[in-house]
Structures are given as C-alpha cells and as structure tokens.
>>> print(open('target-v1.txt').read())   # compact mmCIF, C-alpha atoms and all ligand atoms
# COMPACT_ATOMS: atom_id res chain seq x y z
CA MET A 1 -23.52 8.24 -39.59
CA LYS A 2 -27.00 9.63 -39.18
CA THR A 3 -28.31 6.17 -38.39
CA ALA A 4 -25.69 5.81 -35.66
CA THR A 5 -26.72 9.13 -34.09
CA ASN A 6 -30.37 8.14 -34.21
CA LYS A 7 -29.54 4.84 -32.63
CA LYS A 8 -27.66 6.66 -29.85
CA GLU A 9 -30.66 8.92 -29.24
CA THR A 10 -32.97 5.95 -29.12
CA THR A 11 -30.69 4.22 -26.60
CA ALA A 12 -30.53 7.40 -24.48
CA LYS A 13 -34.33 7.63 -24.51
CA ALA A 14 -34.61 3.98 -23.55
CA THR A 15 -32.17 4.47 -20.66
CA ALA A 16 -34.06 7.52 -19.45
CA LYS A 17 -37.28 5.56 -19.64
CA SER A 18 -35.86 2.60 -17.73
CA THR A 19 -34.42 4.97 -15.05
CA SER A 20 -37.76 6.60 -14.51
CA THR A 21 -39.41 3.20 -14.46
CA THR A 22 -36.92 2.09 -11.77
CA LYS A 23 -37.74 5.19 -9.72
CA THR A 24 -41.45 4.52 -9.71
CA ALA A 25 -41.09 0.76 -9.22
CA THR A 26 -38.76 0.99 -6.20
CA LYS A 27 -40.96 -0.95 -3.78
CA ALA A 28 -39.86 -4.44 -4.79
CA GLY A 29 -36.06 -4.18 -4.40
CA VAL A 30 -35.77 -1.49 -1.72
CA THR A 31 -34.90 -2.53 1.83
CA LYS A 32 -37.51 -1.57 4.36
CA PRO A 33 -35.95 0.50 7.17
CA LYS A 34 -36.09 -0.84 10.74
CA SER A 35 -38.25 1.02 13.23
CA ASP A 36 -35.13 2.67 14.75
CA ALA A 37 -33.52 3.56 11.40
CA ALA A 38 -31.53 6.83 11.19
CA SER A 39 -33.61 9.66 9.81
CA GLY A 40 -30.91 12.33 9.75
CA LEU A 41 -27.15 12.82 9.50
CA THR A 42 -26.78 13.15 13.29
CA GLU A 43 -28.17 9.67 13.82
CA LEU A 44 -26.12 8.24 10.96
CA PHE A 45 -23.04 9.83 12.55
CA GLU A 46 -23.86 8.35 15.95
CA ASP A 47 -24.48 4.90 14.43
CA GLY A 48 -21.08 5.13 12.75
CA LEU A 49 -19.45 6.03 16.07
CA LYS A 50 -21.01 2.98 17.74
CA ASP A 51 -19.75 0.72 14.93
CA ILE A 52 -16.16 1.95 15.02
CA TYR A 53 -16.16 1.93 18.84
CA TRP A 54 -16.97 -1.80 18.68
CA ALA A 55 -14.33 -2.27 15.97
CA GLU A 56 -11.55 -0.54 17.94
CA LYS A 57 -12.37 -2.57 21.04
CA ALA A 58 -12.25 -5.78 18.99
CA LEU A 59 -8.86 -4.68 17.62
CA THR A 60 -7.39 -4.39 21.12
CA LYS A 61 -7.86 -8.18 21.26
CA ALA A 62 -6.96 -8.95 17.63
CA LEU A 63 -3.71 -6.95 17.48
CA PRO A 64 -1.98 -8.78 20.39
CA LYS A 65 -2.96 -12.09 18.76
CA MET A 66 -1.38 -10.96 15.48
CA ALA A 67 1.75 -9.78 17.35
CA LYS A 68 2.02 -13.16 19.10
CA ASN A 69 1.93 -14.88 15.72
CA ALA A 70 4.46 -12.58 14.07
CA THR A 71 8.20 -13.31 13.98
CA SER A 72 9.69 -10.14 12.44
CA LYS A 73 10.79 -7.76 15.19
CA GLU A 74 9.82 -4.78 13.03
CA LEU A 75 6.33 -6.22 12.55
CA ILE A 76 5.87 -7.01 16.24
CA ASP A 77 6.94 -3.44 17.11
CA ALA A 78 4.57 -1.95 14.52
CA LEU A 79 1.64 -4.01 15.86
CA ASN A 80 2.40 -3.19 19.50
CA ASN A 81 2.83 0.47 18.70
CA HIS A 82 -0.55 0.50 16.94
CA LEU A 83 -2.15 -1.31 19.88
CA THR A 84 -1.13 1.62 22.11
CA GLU A 85 -2.53 4.03 19.51
CA THR A 86 -5.76 2.01 19.32
CA GLU A 87 -6.26 2.34 23.08
CA GLY A 88 -5.89 6.11 22.67
CA GLN A 89 -8.36 6.05 19.78
CA ILE A 90 -10.95 4.41 22.05
CA SER A 91 -10.56 7.26 24.57
CA ARG A 92 -10.84 9.76 21.72
CA LEU A 93 -14.08 8.14 20.56
CA GLU A 94 -15.42 8.39 24.11
CA GLN A 95 -14.71 12.12 23.96
CA VAL A 96 -16.55 12.34 20.63
CA PHE A 97 -19.57 10.52 22.11
CA GLU A 98 -19.53 13.04 24.96
CA LEU A 99 -19.38 15.97 22.53
CA ALA A 100 -22.38 14.44 20.73
CA GLY A 101 -24.21 14.23 24.07
CA GLN A 102 -24.30 10.43 23.82
CA LYS A 103 -23.26 7.58 26.10
CA ALA A 104 -20.36 5.62 24.55
CA THR A 105 -21.97 2.46 23.17
CA ALA A 106 -20.52 -0.33 21.04
CA LYS A 107 -22.58 -1.91 18.27
CA LYS A 108 -21.19 -4.93 16.44
CA CYS A 109 -19.43 -3.87 13.25
CA ASP A 110 -19.99 -6.75 10.82
CA ALA A 111 -17.28 -5.49 8.45
CA MET A 112 -14.58 -5.44 11.14
CA ALA A 113 -15.74 -8.79 12.52
CA GLY A 114 -15.29 -10.20 9.01
CA LEU A 115 -11.85 -8.63 8.54
CA ILE A 116 -10.67 -10.02 11.88
CA GLU A 117 -12.07 -13.45 11.01
CA GLU A 118 -10.22 -13.31 7.71
CA GLY A 119 -7.03 -12.44 9.61
CA ASN A 120 -7.51 -15.48 11.86
CA GLY A 121 -8.00 -17.60 8.75
CA ILE A 122 -4.65 -16.37 7.38
CA LEU A 123 -2.91 -17.52 10.58
CA GLU A 124 -4.27 -21.03 10.09
CA GLU A 125 -3.35 -21.07 6.42
CA THR A 126 0.32 -20.04 6.77
CA GLU A 127 3.48 -21.56 8.18
CA ILE A 128 4.97 -19.61 11.10
CA GLY A 129 7.74 -17.26 9.91
CA VAL A 130 8.08 -14.77 7.09
CA VAL A 131 5.12 -16.15 5.11
CA ARG A 132 2.76 -15.79 8.06
CA ASP A 133 4.27 -12.34 8.71
CA ALA A 134 3.42 -11.32 5.13
CA GLY A 135 -0.13 -12.64 5.65
CA ILE A 136 -0.48 -10.70 8.92
CA ILE A 137 0.61 -7.49 7.18
CA ALA A 138 -1.92 -8.08 4.38
CA ALA A 139 -4.74 -8.68 6.87
CA CYS A 140 -3.80 -5.67 9.01
CA GLN A 141 -3.57 -3.35 6.02
CA LYS A 142 -7.11 -4.32 5.00
CA ILE A 143 -8.18 -3.38 8.52
CA GLU A 144 -6.32 -0.05 8.36
CA HIS A 145 -7.93 0.79 5.04
CA TYR A 146 -11.37 0.08 6.47
CA GLU A 147 -10.57 2.36 9.40
CA ILE A 148 -9.23 5.08 7.10
CA ALA A 149 -12.50 5.01 5.12
CA THR A 150 -14.57 5.05 8.30
CA TYR A 151 -12.76 7.90 10.04
CA GLY A 152 -12.67 9.92 6.80
CA THR A 153 -16.46 9.66 6.59
CA LEU A 154 -17.06 10.35 10.28
CA ARG A 155 -14.78 13.39 10.27
CA GLN A 156 -16.69 14.74 7.27
CA PHE A 157 -20.05 14.07 8.96
CA ALA A 158 -18.81 15.91 12.08
CA GLU A 159 -17.71 18.87 9.98
CA THR A 160 -21.04 19.02 8.15
CA LEU A 161 -22.86 18.88 11.49
CA GLY A 162 -20.76 21.82 12.75
CA MET A 163 -19.01 19.69 15.39
CA SER A 164 -15.51 21.05 14.85
CA GLU A 165 -13.99 19.63 18.05
CA ALA A 166 -15.27 16.14 17.22
CA ALA A 167 -14.02 16.54 13.65
CA SER A 168 -10.55 17.41 14.89
CA LEU A 169 -10.45 14.35 17.23
CA LEU A 170 -11.55 12.09 14.36
CA GLU A 171 -8.94 13.70 12.12
CA GLN A 172 -6.19 12.85 14.65
CA THR A 173 -7.25 9.20 14.59
CA LEU A 174 -7.50 9.24 10.79
CA GLU A 175 -3.87 10.38 10.60
CA GLU A 176 -2.80 7.60 13.00
CA GLU A 177 -4.55 4.98 10.85
CA LYS A 178 -2.78 6.31 7.75
CA GLY A 179 0.51 6.21 9.67
CA ALA A 180 -0.10 2.61 10.75
CA ASP A 181 -0.81 1.61 7.16
CA LYS A 182 2.41 3.28 5.97
CA ALA A 183 4.43 1.65 8.76
CA LEU A 184 3.14 -1.78 7.69
CA THR A 185 4.10 -1.08 4.07
CA ILE A 186 7.63 -0.20 5.21
CA VAL A 187 7.88 -3.42 7.25
CA ALA A 188 6.60 -5.43 4.27
CA VAL A 189 9.02 -3.85 1.83
CA ASN A 190 12.09 -3.77 4.07
CA ALA A 191 11.79 -6.80 6.28
CA VAL A 192 9.23 -9.39 5.20
CA ASN A 193 8.08 -9.74 1.62
CA PHE A 194 11.45 -10.38 0.00
CA GLU A 195 12.27 -13.12 2.50
CA ALA A 196 8.77 -14.57 2.13
CA ALA A 197 9.33 -14.79 -1.63
CA GLU A 198 12.64 -16.57 -1.01
CA ALA A 199 10.90 -19.06 1.30
CA ASN A 200 9.18 -20.72 -1.68
FE FE A 301 -8.11 2.25 14.99
FE FE A 302 -5.86 0.99 12.98
>>> encode(input="target-v1.txt", output="structure tokens")
Amino acid sequence: MKTATNKKETTAKATAKSTSTTKTATKAGVTKPKSDAASGLTELFEDGLKDIYWAEKALTKALPKMAKNATSKELIDALNNHLTETEGQISRLEQVFELAGQKATAKKCDAMAGLIEEGNGILEETEIGVVRDAGIIAACQKIEHYEIATYGTLRQFAETLGMSEAASLLEQTLEEEKGADKALTIVAVNAVNFEAAEAN
C-alpha cells in the first residue's frame, strides 16, 4: 500500500517536472504569430466576425445547391427557410461590424469551406432520393453545429468586451442556428431517415 502511494507521488513529481520542462522548452513546438496576429480580445472578436461573415456568405450559395439536390418537401422547406434566415444573419453581422467601428470584411473560413466541400462530396456519393436527403441533413447539421459554436463564442466575447447590443444581435443568430438544427432533426426523424433505411 505504502509502495503504491510512493509510486503515485513519484509519478506526480515526474509529471510536474515534465510540465515545467514543457513550459520552458516551448520554442520548438509553438507556432510563431504572424505580424498582424491578434494581441487582444477585441481583435480576436473582429477576426471571428470576418470568418463567420465569409461563412454565411458561402452558405447563401451552398444552401440553394443542397435544396436543389433534396427531394423531401419538408427538407427543401427547411433549407429554404434557413436560407432566408442566413440572409438576415448577414445583415445582423454587418450591424455588429458597425457597432465594433469596423468595415464589414469577409475572410475565408477554412472550417466552413471544408464543411461545404464535405457536403458536396456527399451529393456525389449518394443516389438521388431519401438517401441523398439523409446525407444532406447530416452535412447541414455539421454546419449548424459549427455555427452554434462560433456564435456562442462571439456572443460571449461581445459580452466580455461590454458590447451588449452586439451580444444581443449575436444571440438572436445563435438561437436561429439552434432552431435550424432542431428543424433538421425533425425532418430526419419524421420524413427521411426511416425511408432511407428502407431503401437498402
Ligand atoms: Fe448562419
Ligand atoms: Fe445556419
């Protein structure tokens, strides 16, 4: 028993030692910041706005493509409804940029570009009909979850920075993204997945 405790202590000491070693030897594995890297939360917030502004604009092209490829009426309606919401979200972001005293600028969001590319891949890999519909829902829900994470973070940044009006605009969009995700789950459960399973 005593030996086990001693062993634990030794391991703890070793971990502490390796942690402190990591701290002092950071140079090798740490990414060097670019010359224009964010140095405060305001800049990080503004960078995030630029990313999601690009992402929302890209979605106004991706969503109609998904709707064109869908066959379930419920799914087409959900996608078109969210396209209208997405256009409103772009205007809301423009208001947030204005509140931050910034010009609305889009900066390529690699994550959203990847999610959209994955969605396009699903179209190629599925037969038209309920199976493709199920694939479209899966791809769109990944997108919604990315947006939920992004808007949750940006709203929190805005709150921390004392920008309550911006925080409330971002909160409105966050709720829409959550609603879109829920609507897609309902379509999947009620109209698509069961039939897609039967299509085997
Ligand atoms: Fe959105
Ligand atoms: Fe969305």
>>> residues_near_ligand(input="target-v1.txt", ligand="ligand FE 301 (chain A)", cutoff="9 Å", atoms="all atoms listed in the file", output="list in words")
Ile52, Tyr53, Ala55, Glu56, Lys57, Leu59, His82, Leu83, Glu85, Thr86, Glu87, Gly88, Gln89, Ile90, Ile143, Glu144, Glu147, Ile148, Tyr151, Thr173, Leu174, Glu176 and Glu177 of chain A
>>> atom_distance(input="target-v1.txt", atom1="CA of Arg92 in chain A", atom2="CA of Leu170 in chain A")
7.8 Å
>>> atom_distance(input="target-v1.txt", atom1="CA of Gly40 in chain A", atom2="CA of Thr160 in chain A")
12.0 Å
>>> atom_distance(input="target-v1.txt", atom1="CA of Ala166 in chain A", atom2="CA of Glu98 in chain A")
9.4 Å
>>> closest_residue(input="target-v1.txt", among="A:Glu159, A:Glu124, A:Asp77, A:Asp51", to="Met112 in chain A", atoms="all atoms listed in the file")
A:Asp51
>>> closest_residue(input="target-v1.txt", among="A:Ala134, A:Ala78, A:Ile122, A:Ala38", to="Ala196 in chain A", atoms="all atoms listed in the file")
A:Ala134
>>> residues_near_point(input="target-v1.txt", point="(-15.5, -5.6, 10.9)", cutoff="9 Å", atoms="all atoms listed in the file", output="number ranges by chain")
A: 51-52, 54-55, 58, 108-117, 143, 146
>>> residues_around(input="target-v1.txt", residues="range 130-132 of chain A", least_positions_apart="4", cutoff="10 Å", atoms="only C-alpha atoms", output="JSON, numbers by chain")
{"A": [66, 69, 70, 71, 72, 122, 123, 124, 125, 126, 136, 137, 138, 188, 191, 192, 193, 194, 195, 196, 197, 198, 199, 200]}
>>> write_last_selection(input="target-v1.txt", atoms="C-alpha atoms", output="PDB file, keeping the file's coordinate frame")
ATOM      1  CA  MET A  66      -1.380 -10.960  15.480  1.00  0.00           C
ATOM      2  CA  ASN A  69       1.930 -14.880  15.720  1.00  0.00           C
ATOM      3  CA  ALA A  70       4.460 -12.580  14.070  1.00  0.00           C
ATOM      4  CA  THR A  71       8.200 -13.310  13.980  1.00  0.00           C
ATOM      5  CA  SER A  72       9.690 -10.140  12.440  1.00  0.00           C
ATOM      6  CA  ILE A 122      -4.650 -16.370   7.380  1.00  0.00           C
ATOM      7  CA  LEU A 123      -2.910 -17.520  10.580  1.00  0.00           C
ATOM      8  CA  GLU A 124      -4.270 -21.030  10.090  1.00  0.00           C
ATOM      9  CA  GLU A 125      -3.350 -21.070   6.420  1.00  0.00           C
ATOM     10  CA  THR A 126       0.320 -20.040   6.770  1.00  0.00           C
ATOM     11  CA  ILE A 136      -0.480 -10.700   8.920  1.00  0.00           C
ATOM     12  CA  ILE A 137       0.610  -7.490   7.180  1.00  0.00           C
ATOM     13  CA  ALA A 138      -1.920  -8.080   4.380  1.00  0.00           C
ATOM     14  CA  ALA A 188       6.600  -5.430   4.270  1.00  0.00           C
ATOM     15  CA  ALA A 191      11.790  -6.800   6.280  1.00  0.00           C
ATOM     16  CA  VAL A 192       9.230  -9.390   5.200  1.00  0.00           C
ATOM     17  CA  ASN A 193       8.080  -9.740   1.620  1.00  0.00           C
ATOM     18  CA  PHE A 194      11.450 -10.380   0.000  1.00  0.00           C
ATOM     19  CA  GLU A 195      12.270 -13.120   2.500  1.00  0.00           C
ATOM     20  CA  ALA A 196       8.770 -14.570   2.130  1.00  0.00           C
ATOM     21  CA  ALA A 197       9.330 -14.790  -1.630  1.00  0.00           C
ATOM     22  CA  GLU A 198      12.640 -16.570  -1.010  1.00  0.00           C
ATOM     23  CA  ALA A 199      10.900 -19.060   1.300  1.00  0.00           C
ATOM     24  CA  ASN A 200       9.180 -20.720  -1.680  1.00  0.00           C
TER      25      ASN A 200
END
>>> closest_residue(input="target-v1.txt", among="A:Ile186, A:Leu99, A:Thr105, A:Asp36", to="Ser168 in chain A", atoms="all atoms listed in the file")
A:Leu99
>>> closest_residue(input="target-v1.txt", among="A:Thr84, A:Gly135, A:Gln95, A:Asn120", to="ligand FE 302 (chain A)", atoms="only C-alpha atoms and all ligand atoms")
A:Thr84
>>> closest_residue(input="target-v1.txt", among="A:Ala106, A:Leu79, A:Cys140, A:Ala183", to="Glu46 in chain A", atoms="all atoms listed in the file")
A:Ala106
>>> closest_residue(input="target-v1.txt", among="A:Phe45, A:Val30, A:Glu118, A:Leu184", to="Ala167 in chain A", atoms="only C-alpha atoms")
A:Phe45
>>> decode(input="target-v1.txt", residues="range 45-78 of chain A", atoms="C-alpha atoms", output="short mmCIF file (atom, residue, chain, number, x, y, z; two decimals), in the first residue's frame")
data_model
loop_
_atom_site.label_atom_id
_atom_site.label_comp_id
_atom_site.auth_asym_id
_atom_site.auth_seq_id
_atom_site.Cartn_x
_atom_site.Cartn_y
_atom_site.Cartn_z
CA PHE A 45 -13.52 39.08 -31.79
CA GLU A 46 -13.16 41.05 -35.03
CA ASP A 47 -11.24 38.19 -36.69
CA GLY A 48 -14.06 35.83 -35.69
CA LEU A 49 -16.63 38.19 -37.20
CA LYS A 50 -14.72 38.25 -40.50
CA ASP A 51 -14.58 34.44 -40.55
CA ILE A 52 -18.28 33.89 -39.91
CA TYR A 53 -19.20 36.70 -42.35
CA TRP A 54 -17.35 34.74 -45.07
CA ALA A 55 -19.02 31.52 -43.90
CA GLU A 56 -22.56 32.94 -44.00
CA LYS A 57 -21.98 34.36 -47.47
CA ALA A 58 -20.69 30.98 -48.66
CA LEU A 59 -23.81 29.36 -47.18
CA THR A 60 -26.11 31.57 -49.27
CA LYS A 61 -24.64 29.67 -52.25
CA ALA A 62 -24.37 26.23 -50.61
CA LEU A 63 -27.92 26.08 -49.20
CA PRO A 64 -29.71 26.55 -52.57
CA LYS A 65 -27.47 23.82 -54.02
CA MET A 66 -28.47 21.48 -51.19
CA ALA A 67 -32.16 22.38 -51.68
CA LYS A 68 -31.88 21.64 -55.42
CA ASN A 69 -30.50 18.20 -54.60
CA ALA A 70 -33.09 17.38 -51.95
CA THR A 71 -36.33 15.53 -52.71
CA SER A 72 -38.24 15.65 -49.40
CA LYS A 73 -40.60 18.64 -49.39
CA GLU A 74 -40.02 19.11 -45.65
CA LEU A 75 -36.25 19.21 -46.21
CA ILE A 76 -36.49 21.64 -49.13
CA ASP A 77 -38.71 23.92 -47.00
CA ALA A 78 -36.30 23.73 -44.04
#
